[in-house]
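K.L.:
File follows, run03.cif with mmCIF, C-alpha atoms:
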```
data_entry
loop_
_atom_site.label_atom_id
_atom_site.label_comp_id
_atom_site.auth_asym_id
_atom_site.auth_seq_id
_atom_site.Cartn_x
_atom_site.Cartn_y
_atom_site.Cartn_z
CA MET G 1 5.47 15.95 -14.07
CA ARG G 2 7.64 13.01 -15.09
CA GLU G 3 10.72 14.80 -13.76
CA LEU G 4 8.94 15.53 -10.49
CA LEU G 5 7.81 11.91 -10.00
CA GLY G 6 11.26 10.64 -10.90
CA ARG G 7 13.02 12.39 -8.04
CA PRO G 8 14.60 10.20 -5.35
CA LEU G 9 12.52 11.63 -2.50
CA THR G 10 9.14 11.57 -4.25
CA SER G 11 7.88 8.55 -2.30
CA TYR G 12 9.23 10.00 0.95
CA HIS G 13 7.40 13.30 0.51
CA LEU G 14 4.19 11.68 -0.74
CA VAL G 15 3.89 9.35 2.25
CA LEU G 16 4.57 12.13 4.75
CA GLY G 17 2.41 14.72 2.98
CA CYS G 18 -0.63 12.50 2.35
CA SER G 19 -0.49 11.06 5.87
CA ALA G 20 -0.32 14.52 7.44
CA LEU G 21 -3.20 15.89 5.36
CA LEU G 22 -5.45 12.88 5.99
CA LEU G 23 -4.66 12.99 9.70
CA ALA G 24 -5.44 16.71 9.96
CA LEU G 25 -8.64 16.26 7.97
CA GLY G 26 -9.58 13.32 10.17
CA LEU G 27 -9.19 15.32 13.39
CA MET G 28 -11.34 18.09 11.96
CA MET G 29 -14.09 15.69 10.85
CA VAL G 30 -14.03 13.68 14.11
CA LEU G 31 -14.65 16.91 16.01
CA SER G 32 -17.52 17.84 13.72
CA ALA G 33 -19.12 14.38 13.44
CA SER G 34 -18.87 13.38 17.11
CA SER G 35 -19.71 16.63 18.91
CA ILE G 36 -23.51 16.18 18.97
CA GLU G 37 -23.57 12.59 20.23
CA ALA G 38 -20.70 13.27 22.65
CA LEU G 39 -22.64 16.19 24.13
CA GLN G 40 -25.74 14.05 24.55
CA ARG G 41 -23.92 11.09 26.10
CA THR G 42 -21.19 12.71 28.18
CA GLY G 43 -22.08 16.39 28.40
CA ASP G 44 -18.77 17.29 26.73
CA PRO G 45 -18.82 17.90 22.95
CA PHE G 46 -15.03 17.45 22.80
CA TYR G 47 -14.97 14.06 24.56
CA TRP G 48 -14.23 11.82 21.56
CA PHE G 49 -12.20 14.50 19.83
CA LEU G 50 -9.81 14.78 22.78
CA LYS G 51 -9.42 11.00 22.88
CA GLN G 52 -8.54 11.06 19.20
CA VAL G 53 -6.04 13.86 19.81
CA THR G 54 -4.45 11.68 22.49
CA SER G 55 -4.16 8.81 20.02
CA VAL G 56 -2.55 11.14 17.48
CA ALA G 57 -0.14 12.43 20.12
CA ILE G 58 0.95 8.84 20.76
CA GLY G 59 0.90 7.77 17.12
CA LEU G 60 3.04 10.53 15.64
CA PRO G 61 6.11 9.76 17.82
CA LEU G 62 5.52 6.08 17.05
CA MET G 63 5.55 6.87 13.33
CA TRP G 64 8.73 8.93 13.75
CA VAL G 65 10.48 6.10 15.59
CA CYS G 66 9.42 3.55 12.95
CA SER G 67 10.71 5.85 10.20
CA ARG G 68 14.20 5.65 11.74
CA LEU G 69 14.31 1.92 12.41
CA PRO G 70 16.33 -0.42 10.16
CA GLN G 71 14.80 -3.05 7.94
CA ARG G 72 16.05 -5.86 10.18
CA PHE G 73 13.87 -4.64 13.03
CA PHE G 74 10.69 -5.01 10.98
CA ARG G 75 11.73 -8.49 9.84
CA LEU G 76 12.19 -9.59 13.43
CA ALA G 77 9.13 -7.75 14.76
CA GLY G 78 6.67 -9.71 12.64
CA TYR G 79 6.96 -12.90 14.70
CA PRO G 80 6.38 -11.52 18.24
CA LEU G 81 3.69 -9.18 16.89
CA MET G 82 1.94 -12.14 15.28
CA GLY G 83 2.05 -14.03 18.59
CA LEU G 84 0.71 -11.05 20.54
CA SER G 85 -2.10 -10.59 18.02
CA ILE G 86 -3.20 -14.22 18.36
CA LEU G 87 -3.06 -13.90 22.16
CA GLY G 88 -5.10 -10.69 22.03
CA LEU G 89 -7.73 -12.26 19.77
CA LEU G 90 -8.03 -15.21 22.14
CA MET G 91 -8.53 -12.78 25.03
CA VAL G 92 -11.30 -11.09 23.06
CA ILE G 93 -13.15 -14.40 22.73
CA PHE G 94 -13.01 -15.17 26.44
CA LEU G 95 -12.80 -11.73 28.06
CA GLY G 96 -13.99 -9.33 25.37
CA GLN G 97 -16.93 -6.99 25.64
CA GLU G 98 -19.85 -7.39 23.24
CA LEU G 99 -21.10 -4.20 21.64
CA LEU G 100 -23.77 -3.90 18.93
CA GLY G 101 -23.74 -7.63 18.27
CA ALA G 102 -19.95 -7.87 17.85
CA GLN G 103 -17.30 -8.96 20.33
CA ARG G 104 -14.14 -7.14 19.23
CA TRP G 105 -12.88 -5.10 22.19
CA ILE G 106 -10.98 -5.63 25.42
CA VAL G 107 -11.88 -2.95 27.96
CA ILE G 108 -8.98 -1.78 30.14
CA GLY G 109 -10.19 0.93 32.49
CA PRO G 110 -11.37 3.91 30.45
CA PHE G 111 -9.76 2.53 27.29
CA SER G 112 -10.88 -0.16 24.85
CA VAL G 113 -8.45 -2.09 22.66
CA GLN G 114 -9.31 -3.92 19.43
CA PRO G 115 -6.59 -6.58 18.86
CA SER G 116 -7.72 -7.27 15.28
CA GLU G 117 -6.25 -3.92 14.19
CA PRO G 118 -2.55 -4.65 15.01
CA ALA G 119 -3.13 -8.14 13.55
CA LYS G 120 -3.15 -6.50 10.09
CA LEU G 121 0.36 -5.12 10.58
CA ALA G 122 1.48 -8.42 12.13
CA LEU G 123 0.29 -10.39 9.09
CA ALA G 124 1.97 -7.98 6.67
CA LEU G 125 5.37 -8.20 8.43
CA TRP G 126 5.25 -11.93 9.22
CA GLY G 127 4.07 -12.91 5.75
CA ALA G 128 6.60 -10.63 4.03
CA ASP G 129 9.53 -12.08 5.99
CA LEU G 130 8.32 -15.64 5.46
CA LEU G 131 8.04 -15.30 1.69
CA ALA G 132 11.21 -13.20 1.40
CA THR G 133 13.18 -15.95 3.18
CA ARG G 134 11.76 -18.52 0.76
CA ALA G 135 12.56 -16.29 -2.21
CA ARG G 136 16.23 -16.02 -1.22
CA VAL G 137 16.59 -19.80 -1.24
CA GLY G 138 15.53 -20.15 -4.86
CA ARG G 139 12.43 -20.76 -6.90
CA ILE G 140 9.27 -21.10 -4.81
CA GLU G 141 6.74 -23.84 -5.50
CA TRP G 142 3.11 -22.99 -4.92
CA ARG G 143 2.88 -25.45 -2.04
CA GLN G 144 5.67 -23.58 -0.26
CA LEU G 145 3.67 -20.37 -0.67
CA LEU G 146 0.77 -21.75 1.32
CA ILE G 147 2.60 -23.45 4.19
CA PRO G 148 2.82 -22.04 6.82
CA LEU G 149 1.41 -18.76 5.45
CA MET G 150 -2.10 -20.00 4.76
CA PRO G 151 -2.55 -21.76 8.15
CA GLY G 152 -1.41 -18.56 9.89
CA VAL G 153 -3.86 -16.45 7.89
CA ALA G 154 -6.63 -18.97 8.52
CA LEU G 155 -5.97 -18.87 12.27
CA LEU G 156 -6.18 -15.08 12.36
CA ALA G 157 -9.31 -15.06 10.19
CA VAL G 158 -11.09 -17.66 12.34
CA LEU G 159 -10.28 -15.80 15.56
CA VAL G 160 -11.47 -12.51 14.06
CA MET G 161 -14.66 -14.11 12.74
CA LEU G 162 -15.42 -15.56 16.16
CA GLY G 163 -15.64 -11.94 17.24
CA ARG G 164 -18.15 -11.32 14.40
CA ASP G 165 -15.88 -8.98 12.46
CA LEU G 166 -16.37 -9.72 8.77
CA GLY G 167 -14.83 -6.42 7.65
CA THR G 168 -11.44 -7.01 9.29
CA THR G 169 -11.44 -10.56 7.95
CA LEU G 170 -11.85 -9.12 4.46
CA VAL G 171 -8.86 -6.79 5.02
CA LEU G 172 -6.73 -9.74 6.20
CA MET G 173 -7.61 -11.56 2.98
CA ILE G 174 -6.58 -8.50 0.97
CA ILE G 175 -3.17 -8.52 2.66
CA PHE G 176 -2.82 -12.26 2.04
CA LEU G 177 -3.68 -11.96 -1.66
CA ALA G 178 -1.32 -8.97 -2.06
CA LEU G 179 1.57 -11.01 -0.67
CA LEU G 180 0.83 -13.89 -3.05
CA TRP G 181 0.49 -11.53 -6.02
CA VAL G 182 3.82 -9.82 -5.39
CA VAL G 183 5.69 -13.07 -4.85
CA GLY G 184 4.40 -14.36 -8.20
CA ALA G 185 1.78 -16.98 -7.33
CA PRO G 186 0.14 -18.69 -10.34
CA VAL G 187 -3.27 -17.51 -11.48
CA ARG G 188 -4.92 -20.88 -10.80
CA LEU G 189 -3.84 -20.57 -7.17
CA PHE G 190 -5.65 -17.22 -6.94
CA GLY G 191 -8.73 -18.77 -8.50
CA GLY G 192 -8.81 -21.57 -5.97
CA ILE G 193 -8.30 -19.22 -3.01
CA LEU G 194 -10.98 -16.81 -4.21
CA ALA G 195 -13.45 -19.66 -4.67
CA LEU G 196 -12.67 -20.90 -1.16
CA LEU G 197 -13.15 -17.39 0.25
CA ALA G 198 -16.47 -16.98 -1.55
CA LEU G 199 -17.71 -20.28 -0.12
CA ALA G 200 -16.58 -19.34 3.39
CA THR G 201 -18.21 -15.89 3.12
CA ALA G 202 -21.51 -17.37 1.95
CA THR G 203 -21.43 -19.83 4.85
CA MET G 204 -20.80 -17.07 7.39
CA ILE G 205 -23.59 -14.90 5.96
CA ILE G 206 -26.10 -17.75 6.15
CA ALA G 207 -24.95 -18.75 9.66
CA GLU G 208 -25.52 -15.29 11.16
CA PRO G 209 -28.96 -13.70 10.61
CA TYR G 210 -27.71 -10.13 11.07
CA ARG G 211 -25.27 -10.55 8.17
CA LEU G 212 -28.09 -11.75 5.95
CA ASP G 213 -30.11 -8.70 7.01
CA ARG G 214 -27.19 -6.45 6.07
CA LEU G 215 -27.01 -8.09 2.66
CA THR G 216 -30.74 -7.53 2.19
CA GLY G 217 -30.34 -3.91 3.24
CA PHE G 218 -27.51 -3.52 0.72
CA LEU G 219 -29.51 -4.98 -2.17
CA HIS G 220 -32.73 -3.12 -1.34
CA PRO G 221 -31.78 -0.17 0.91
CA TRP G 222 -34.81 2.02 0.20
CA ASP G 223 -37.26 -0.84 0.75
CA THR G 224 -35.74 -1.41 4.21
CA ALA G 225 -34.99 2.22 5.03
CA GLN G 226 -36.43 1.93 8.54
CA LYS G 227 -34.74 -1.39 9.34
CA GLU G 228 -31.66 -3.04 7.82
CA GLY G 229 -31.06 -0.31 5.25
CA PHE G 230 -31.34 2.61 7.69
CA GLN G 231 -27.61 3.32 7.97
CA ALA G 232 -26.98 3.01 4.24
CA VAL G 233 -29.91 5.28 3.35
CA GLN G 234 -28.94 7.96 5.87
CA GLY G 235 -25.36 7.90 4.59
CA LEU G 236 -26.54 8.36 1.01
CA MET G 237 -28.80 11.23 2.06
CA ALA G 238 -25.88 12.92 3.83
CA ILE G 239 -23.62 12.70 0.77
CA GLY G 240 -26.43 13.71 -1.60
CA SER G 241 -27.25 16.85 0.38
CA GLY G 242 -23.66 18.12 0.24
CA GLY G 243 -23.68 19.25 -3.37
CA TRP G 244 -20.47 20.42 -4.99
CA PHE G 245 -18.89 22.26 -2.07
CA GLY G 246 -20.91 21.13 0.95
CA ILE G 247 -23.16 22.97 3.35
CA GLY G 248 -20.30 24.08 5.57
CA LEU G 249 -17.96 22.56 8.11
CA GLY G 250 -19.89 21.76 11.29
CA ALA G 251 -23.25 22.55 9.69
CA GLY G 252 -24.16 18.95 8.84
CA ARG G 253 -27.66 17.81 9.81
CA GLN G 254 -27.36 14.03 9.42
CA LYS G 255 -25.04 13.70 12.41
CA TRP G 256 -27.92 14.70 14.68
CA ASN G 257 -28.70 11.06 15.51
CA TYR G 258 -29.52 10.14 11.92
CA VAL G 259 -26.30 8.49 10.68
CA PRO G 260 -25.16 5.73 13.07
CA HIS G 261 -21.43 5.74 13.89
CA ALA G 262 -20.95 9.08 12.16
CA GLU G 263 -17.51 9.57 13.73
CA SER G 264 -16.11 6.17 12.74
CA ASP G 265 -17.54 3.85 10.07
CA PHE G 266 -19.62 6.52 8.27
CA ILE G 267 -17.44 9.59 8.72
CA PHE G 268 -17.08 9.79 4.94
CA SER G 269 -20.80 10.56 4.64
CA ILE G 270 -20.51 13.51 7.05
CA LEU G 271 -17.43 14.68 5.14
CA GLY G 272 -19.42 14.59 1.89
CA GLU G 273 -22.30 16.53 3.46
CA GLU G 274 -20.17 19.28 4.96
CA LEU G 275 -17.37 19.56 2.37
CA GLY G 276 -19.28 18.39 -0.69
CA LEU G 277 -18.10 16.46 -3.71
CA MET G 278 -14.85 18.43 -3.81
CA GLY G 279 -14.00 17.33 -0.27
CA THR G 280 -14.66 13.66 -1.04
CA LEU G 281 -12.57 13.86 -4.21
CA VAL G 282 -9.67 15.33 -2.23
CA VAL G 283 -9.81 12.40 0.20
CA VAL G 284 -9.94 9.88 -2.63
CA ALA G 285 -7.02 11.63 -4.36
CA LEU G 286 -4.94 11.57 -1.15
CA PHE G 287 -5.50 7.84 -0.74
CA GLY G 288 -4.65 7.37 -4.41
CA LEU G 289 -1.37 9.25 -4.02
CA LEU G 290 -0.58 7.31 -0.85
CA GLY G 291 -1.20 4.06 -2.71
CA TYR G 292 0.99 5.23 -5.57
CA ALA G 293 3.81 6.07 -3.16
CA GLY G 294 3.62 2.66 -1.51
CA LEU G 295 3.71 0.84 -4.85
CA ARG G 296 6.58 3.07 -6.00
CA ILE G 297 8.57 2.04 -2.94
CA ALA G 298 7.85 -1.62 -3.66
CA ILE G 299 8.84 -1.32 -7.32
CA ARG G 300 12.06 0.65 -6.83
CA THR G 301 13.61 -1.66 -4.23
CA LYS G 302 15.63 -4.81 -4.89
CA ASP G 303 15.08 -6.31 -1.45
CA PRO G 304 12.32 -8.99 -1.42
CA PHE G 305 11.19 -8.20 2.13
CA VAL G 306 10.86 -4.46 1.49
CA ARG G 307 8.93 -5.13 -1.71
CA LEU G 308 6.53 -7.56 -0.02
CA ALA G 309 6.03 -5.53 3.15
CA ALA G 310 5.48 -2.24 1.27
CA ALA G 311 2.99 -3.86 -1.10
CA ALA G 312 1.10 -5.58 1.75
CA VAL G 313 0.81 -2.40 3.82
CA THR G 314 -0.26 -0.40 0.76
CA ALA G 315 -2.90 -2.99 -0.14
CA TRP G 316 -4.14 -2.94 3.47
CA ILE G 317 -4.55 0.86 3.74
CA ALA G 318 -5.81 1.48 0.21
CA GLY G 319 -8.05 -1.60 0.22
CA GLN G 320 -9.61 -0.68 3.56
CA ALA G 321 -10.27 2.83 2.29
CA VAL G 322 -11.96 1.45 -0.84
CA VAL G 323 -14.15 -0.91 1.22
CA ASN G 324 -15.16 1.84 3.66
CA ILE G 325 -15.95 4.42 0.98
CA GLY G 326 -17.72 1.79 -1.12
CA ALA G 327 -19.96 0.87 1.82
CA VAL G 328 -20.87 4.53 2.41
CA ILE G 329 -21.81 5.22 -1.22
CA GLY G 330 -23.70 1.94 -1.54
CA VAL G 331 -21.29 -0.04 -3.73
CA PHE G 332 -20.45 -2.61 -1.01
CA PRO G 333 -22.42 -3.92 1.97
CA VAL G 334 -21.86 -2.19 5.29
CA THR G 335 -18.90 -3.99 6.91
CA GLY G 336 -18.10 -1.81 9.92
CA ILE G 337 -14.45 -0.99 9.23
CA PRO G 338 -13.03 2.54 9.70
CA LEU G 339 -11.56 4.87 7.12
CA PRO G 340 -7.77 4.84 7.72
CA LEU G 341 -6.34 7.99 9.36
CA VAL G 342 -9.74 9.74 9.19
CA SER G 343 -12.16 7.75 11.35
CA TYR G 344 -12.23 7.84 15.12
CA GLY G 345 -10.40 5.04 16.95
CA GLY G 346 -6.95 4.71 18.46
CA SER G 347 -6.75 0.93 17.98
CA ALA G 348 -6.90 1.45 14.23
CA LEU G 349 -4.86 4.64 14.10
CA LEU G 350 -1.72 3.49 15.94
CA PRO G 351 -0.93 0.42 13.76
CA THR G 352 -1.65 2.48 10.64
CA LEU G 353 0.80 5.21 11.67
CA ALA G 354 3.41 2.58 12.56
CA ALA G 355 2.99 1.02 9.09
CA LEU G 356 3.32 4.43 7.43
CA GLY G 357 6.47 5.10 9.46
CA MET G 358 7.84 1.83 8.09
CA LEU G 359 7.06 3.02 4.55
CA VAL G 360 8.98 6.24 5.26
CA SER G 361 11.93 4.14 6.44
CA PHE G 362 11.79 2.11 3.23
CA ALA G 363 11.49 5.29 1.13
CA LYS G 364 14.82 6.49 2.57
CA GLN G 365 16.45 3.38 1.07
CA GLU G 366 15.37 4.12 -2.51
CA PRO G 367 18.13 4.80 -5.06
CA GLY G 368 19.53 8.27 -4.43
CA ALA G 369 17.26 8.99 -1.45
CA ALA G 370 19.99 8.78 1.20
CA GLU G 371 22.24 11.12 -0.77
CA ALA G 372 19.39 13.59 -1.31
CA LEU G 373 18.53 13.61 2.40
CA ALA G 374 22.20 14.11 3.33
CA ALA G 375 22.47 17.02 0.89
CA ARG G 376 19.51 18.75 2.55
CA GLY G 377 21.26 18.74 5.92
CA PRO G 378 19.68 17.93 9.29
CA GLY G 379 15.92 18.15 9.65
CA PRO G 380 14.01 20.37 12.10
CA ALA G 381 14.13 17.76 14.87
CA ALA G 382 17.87 17.26 14.50
CA ARG G 383 18.45 21.02 14.43
CA ALA G 384 16.37 21.45 17.59
CA LEU G 385 18.34 18.72 19.37
CA SER G 386 21.59 20.29 18.21
CA TRP G 387 20.48 23.70 19.47
CA LEU G 388 19.73 22.13 22.86
CA GLY G 389 23.08 20.38 22.88
CA LEU G 390 21.42 16.94 22.58
CA ASN G 391 22.56 15.99 19.11
CA GLY G 392 24.08 12.74 20.32
CA ARG G 393 27.69 13.72 19.59
CA ALA G 394 28.66 14.49 23.15
CA GLY G 395 30.78 11.86 24.76
CA ARG G 396 32.16 10.53 21.50
CA ARG G 397 35.89 10.44 21.04
CA PRO G 398 37.04 12.66 18.17
CA ALA G 399 38.31 10.82 15.16
CA VAL G 400 42.11 10.69 15.05
CA SER G 401 43.48 11.92 11.77
CA ARG G 402 45.74 9.52 9.95
CA ALA G 403 47.43 12.29 7.99
CA PRO G 404 51.16 12.87 8.56
CA ALA G 405 52.19 15.15 11.40
CA ARG G 406 53.49 17.85 9.02
CA GLN G 407 50.11 18.01 7.24
CA ARG G 408 48.26 18.25 10.54
CA ALA G 409 50.57 21.03 11.69
CA ALA G 410 50.01 22.89 8.44
CA ARG G 411 46.22 22.76 8.69
CA PRO G 412 44.30 25.92 9.61
CA PRO G 413 43.00 26.17 13.18
CA THR G 414 39.46 25.20 12.12
CA ALA G 415 40.70 21.82 10.82
CA ARG G 416 42.68 20.73 13.91
CA ARG G 417 41.48 18.36 16.55
CA GLY G 418 39.07 19.92 18.99
CA THR G 419 37.68 22.38 16.46
CA THR G 420 34.79 22.19 14.06
CA GLY G 421 34.00 23.85 10.78
CA ASN G 422 31.30 26.02 12.36
CA GLY G 423 33.78 28.29 14.17
CA ARG G 424 33.24 26.95 17.70
CA GLY G 425 36.94 25.99 17.99
CA ASN G 426 37.99 29.54 17.05
CA ILE G 427 35.70 30.94 19.70
CA ARG G 428 37.19 28.69 22.36
CA GLU G 429 40.75 29.66 21.33
CA LYS G 430 39.81 33.34 21.39
CA ILE G 431 38.37 33.00 24.91
CA ARG G 432 41.51 31.26 26.14
CA GLU G 433 43.74 33.95 24.57
CA ASP G 434 41.69 36.69 26.24
CA VAL G 435 42.03 34.94 29.61
CA ARG G 436 45.82 34.65 29.20
CA GLU G 437 46.11 38.34 28.28
CA GLY G 438 44.04 39.26 31.33
CA VAL G 439 46.37 37.25 33.59
CA ARG G 440 49.43 39.01 32.14
CA GLU G 441 47.91 42.42 32.73
CA ASP G 442 47.14 41.52 36.37
CA ARG G 443 50.71 40.41 36.93
CA GLU G 444 52.08 43.62 35.45
#
```
Would you encode the structure as structure tokens?
P.N.:
Amino acid sequence: MRELLGRPLTSYHLVLGCSALLLALGLMMVLSASSIEALQRTGDPFYWFLKQVTSVAIGLPLMWVCSRLPQRFFRLAGYPLMGLSILGLLMVIFLGQELLGAQRWIVIGPFSVQPSEPAKLALALWGADLLATRARVGRIEWRQLLIPLMPGVALLAVLVMLGRDLGTTLVLMIIFLALLWVVGAPVRLFGGILALLALATATMIIAEPYRLDRLTGFLHPWDTAQKEGFQAVQGLMAIGSGGWFGIGLGAGRQKWNYVPHAESDFIFSILGEELGLMGTLVVVALFGLLGYAGLRIAIRTKDPFVRLAAAAVTAWIAGQAVVNIGAVIGVFPVTGIPLPLVSYGGSALLPTLAALGMLVSFAKQEPGAAEALAARGPGPAARALSWLGLNGRAGRRPAVSRAPARQRAARPPTARRGTTGNGRGNIREKIREDVREGVREDRE
């Protein structure tokens, strides 16, 4: 096991493998959890599933592109992405649509966009570049850690909270604390920030009655099973009825208008009902391995930006999964945030896949990873492009050998200019020789 985990491409394979498995499991569970409500509302049981498939079809190429981008791109992308996120959150306040007591979405035709989701990736990239730049200068004082990082985080948090989204605000704070932890902030700074966050959270709960009702439903779910604790109780009943191996995929009963938001916030409860305890443990294990891979990337690099960005993205995805699962099993209050890669929602899925693509790009830079990838040869995509003649080598001038003329003349035909080691040059020479022989025979 130690030899397996010590291989150069361990992080690379773990990120790709865990992401693919969670994504496939998510598509399967979205189809199962959303089919009943989609049939009742739209007449098409595949309505939300097809929308999720569309998001995956867009997200996978995005992840592939991000996996091939250099580190410098991500450092530069944090600033415009941060600006676009702030602009999107401002648009939500003035032009957003209110749904279920929260104003989080901008409706554009048949699509709805939630700008708070890409704000997570923007904060991770912007904060990582900001602190990495400070770290290159020399020793960082704690005041330099907070300015301008803390005002930027506060601006995002306030804009998100104006849309009544406490769950996303919590994830932004997780990213912020992860950046400070990795950069080496003193413990007393963490204590002060946590105390400030606790005070702000208590103020927001008291200011909004529905948040206080959610807290009451969390503390006494069975006493308020028909009111505030309805969603929590139904989720617990779904998980409890699954047993060890579940009642069967698609056979769940709680999705028949019992568990609210079964395809998004509470998809983990439907997963536990239909796939049982073993299914939930597989999901938890996949998120654990994904978190391990992200931390491994952060530990094995010497670049401050890569370390900070990898740790922030890992804390975001793993922390959001913990908060979502904890809310479903009754450990945390219901916050209304999706389970990464599994829950329905393109606004959450696309930034997550882009962040995972960035982790794959960082994993390729680990010690020995580039050499190991080169030794494996081209991947399936590169082989397909080569087979189609689109491998990107056409139009390039062949490299001129600097060897002496006698050595070039002495080389075998496969090593001369215009030929390659795969025998294509020999084939071309053979065709030309056959043509010349045919011309001679015609003349004779």
K.L.:
(-11.6, -1.9, 20.1) in this file's frame - what residues fall within 7 Å of it? Use all atoms listed in the file and give the answer as a PDB file with C-alpha atoms, in the coordinates of the input.
P.N.:
```
ATOM      1  CA  ARG G 104     -14.140  -7.140  19.230  1.00  0.00           C
ATOM      2  CA  TRP G 105     -12.880  -5.100  22.190  1.00  0.00           C
ATOM      3  CA  ILE G 106     -10.980  -5.630  25.420  1.00  0.00           C
ATOM      4  CA  SER G 112     -10.880  -0.160  24.850  1.00  0.00           C
ATOM      5  CA  VAL G 113      -8.450  -2.090  22.660  1.00  0.00           C
ATOM      6  CA  GLN G 114      -9.310  -3.920  19.430  1.00  0.00           C
ATOM      7  CA  PRO G 115      -6.590  -6.580  18.860  1.00  0.00           C
ATOM      8  CA  SER G 347      -6.750   0.930  17.980  1.00  0.00           C
TER       9      SER G 347
END
```
K.L.:
Can you work out the spacing between atom CA of Gly252 of chain G and atom CA of Met29 of chain G in Å, to one decimal?
P.N.:
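So the answer is 10.8 Å.
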K.L.:
Grab the atom CA of Asp223 of chain G to atom CA of Val171 of chain G distance for me, in Å with one decimal place.
P.N.:
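Going from atom CA of Asp223 of chain G over to atom CA of Val171 of chain G covers 29.3 Å.
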K.L.:
If you measure from atom CA of Leu81 of chain G to atom CA of Val107 of chain G, what distance in Å do you get, rounded to one decimal?
P.N.:
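Straight-line distance from atom CA of Leu81 of chain G to atom CA of Val107 of chain G works out to 20.1 Å.
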K.L.:
Point out the residue among G:Ser67, G:Thr224, G:Gln40, G:Gln52 with the least atom-to-atom distance to Lys364 of chain G, counting only C-alpha atoms.
P.N.:
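Looking only at the distances to Lys364 of chain G, the closest residue turns out to be G:Ser67.
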K.L.:
Neighbours of segment 235-243 of chain G within 8 Å (all atoms listed in the file; same-chain residues fewer than 4 positions away dropped), as number ranges by chain?
P.N.:
G: 231, 247, 253-254, 259, 266, 269-277, 328-330
K.L.:
Which one is closest to Ile267 of chain G: G:Gly345, G:Pro367, G:Pro351, G:Pro304? Count only C-alpha atoms.
P.N.:
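Ranking G:Gly345, G:Pro367, G:Pro351, G:Pro304 by distance to Ile267 of chain G, first place goes to G:Gly345.
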K.L.:
Ranking G:Leu146, G:Trp222, G:Met28, G:Gly336 by minimum distance to Arg164 of chain G and counting all atoms listed in the file, which one comes first?
P.N.:
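Of the candidates, the smallest distance to Arg164 of chain G is held by G:Gly336.
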K.L.:
Which one of G:Arg7, G:Arg75, G:Arg143, G:Arg188 sits closest to Leu130 of chain G if you count only C-alpha atoms?
P.N.:
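Answer, going by the shortest atom-to-atom distance: G:Arg75.
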K.L.:
So what does the PyMOL selection byres ((chain G and resi 151-161) around 9) actually pick up in this one, as a PyMOL selection string?
P.N.:
chain G and resi 85-86+89-90+92-93+104+116+119+123+127+146-150+162-166+168-170+172-173+176+204
K.L.:
Could you list, as a PyMOL selection string, every residue within 9 Å of Lys255 of chain G, counting only C-alpha atoms and ignoring same-chain residues fewer than 3 positions away?
P.N.:
chain G and resi 32-37+238+252+258-263+270
K.L.:
Carefully work through the PyMOL selection byres ((chain G and resi 60) around 10) for this structure and note down the residues it includes, as a PyMOL selection string.
P.N.:
chain G and resi 20+55-59+61-66+349-350+353-354+357
K.L.:
I'd like the residues picked by the PyMOL selection byres ((chain G and resi 324) around 9) written out as a ChimeraX atom specification, using the chain letters and numbers from the file.
P.N.:
/G:265-266,268,319-323,325-329,332,334-340
K.L.:
Rank G:Glu371, G:Gly346, G:Gly250, G:Ala363 by their smallest atom-to-atom distance to Lys51 of chain G, using all atoms listed in the file, and report the top residue only.
P.N.:
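Smallest distance to Lys51 of chain G is found for G:Gly346.
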K.L.:
Pick out the residues sitting within 10 Å of Ala124 of chain G, and hand them over as a PyMOL selection string; count all atoms listed in the file, and ignore anything fewer than 3 positions along from it in its own chain.
P.N.:
chain G and resi 78+82+119-121+127-129+172+175-176+178-179+308-316+355
K.L.:
Using only C-alpha atoms, which residues sit within 10 Å of Phe190 of chain G once same-chain residues fewer than 5 positions away are excluded, as a list of chain:residue names?
P.N.:
G:Leu177, G:Leu180, G:Trp181, G:Ala185, G:Ala195, G:Leu196
K.L.:
Find the residue from G:Gly26, G:Gly184, G:Gly6, G:Gly291 that sits nearest to Leu341 of chain G; use only C-alpha atoms when measuring.
P.N.:
G:Gly26
K.L.:
Near Pro8 of chain G, within 12 Å and counting only C-alpha atoms, which residues show up once chain neighbours fewer than 5 positions away are dropped, as a PyMOL selection string?
P.N.:
chain G and resi 3+13-14+293+296-297+300-301+363-373
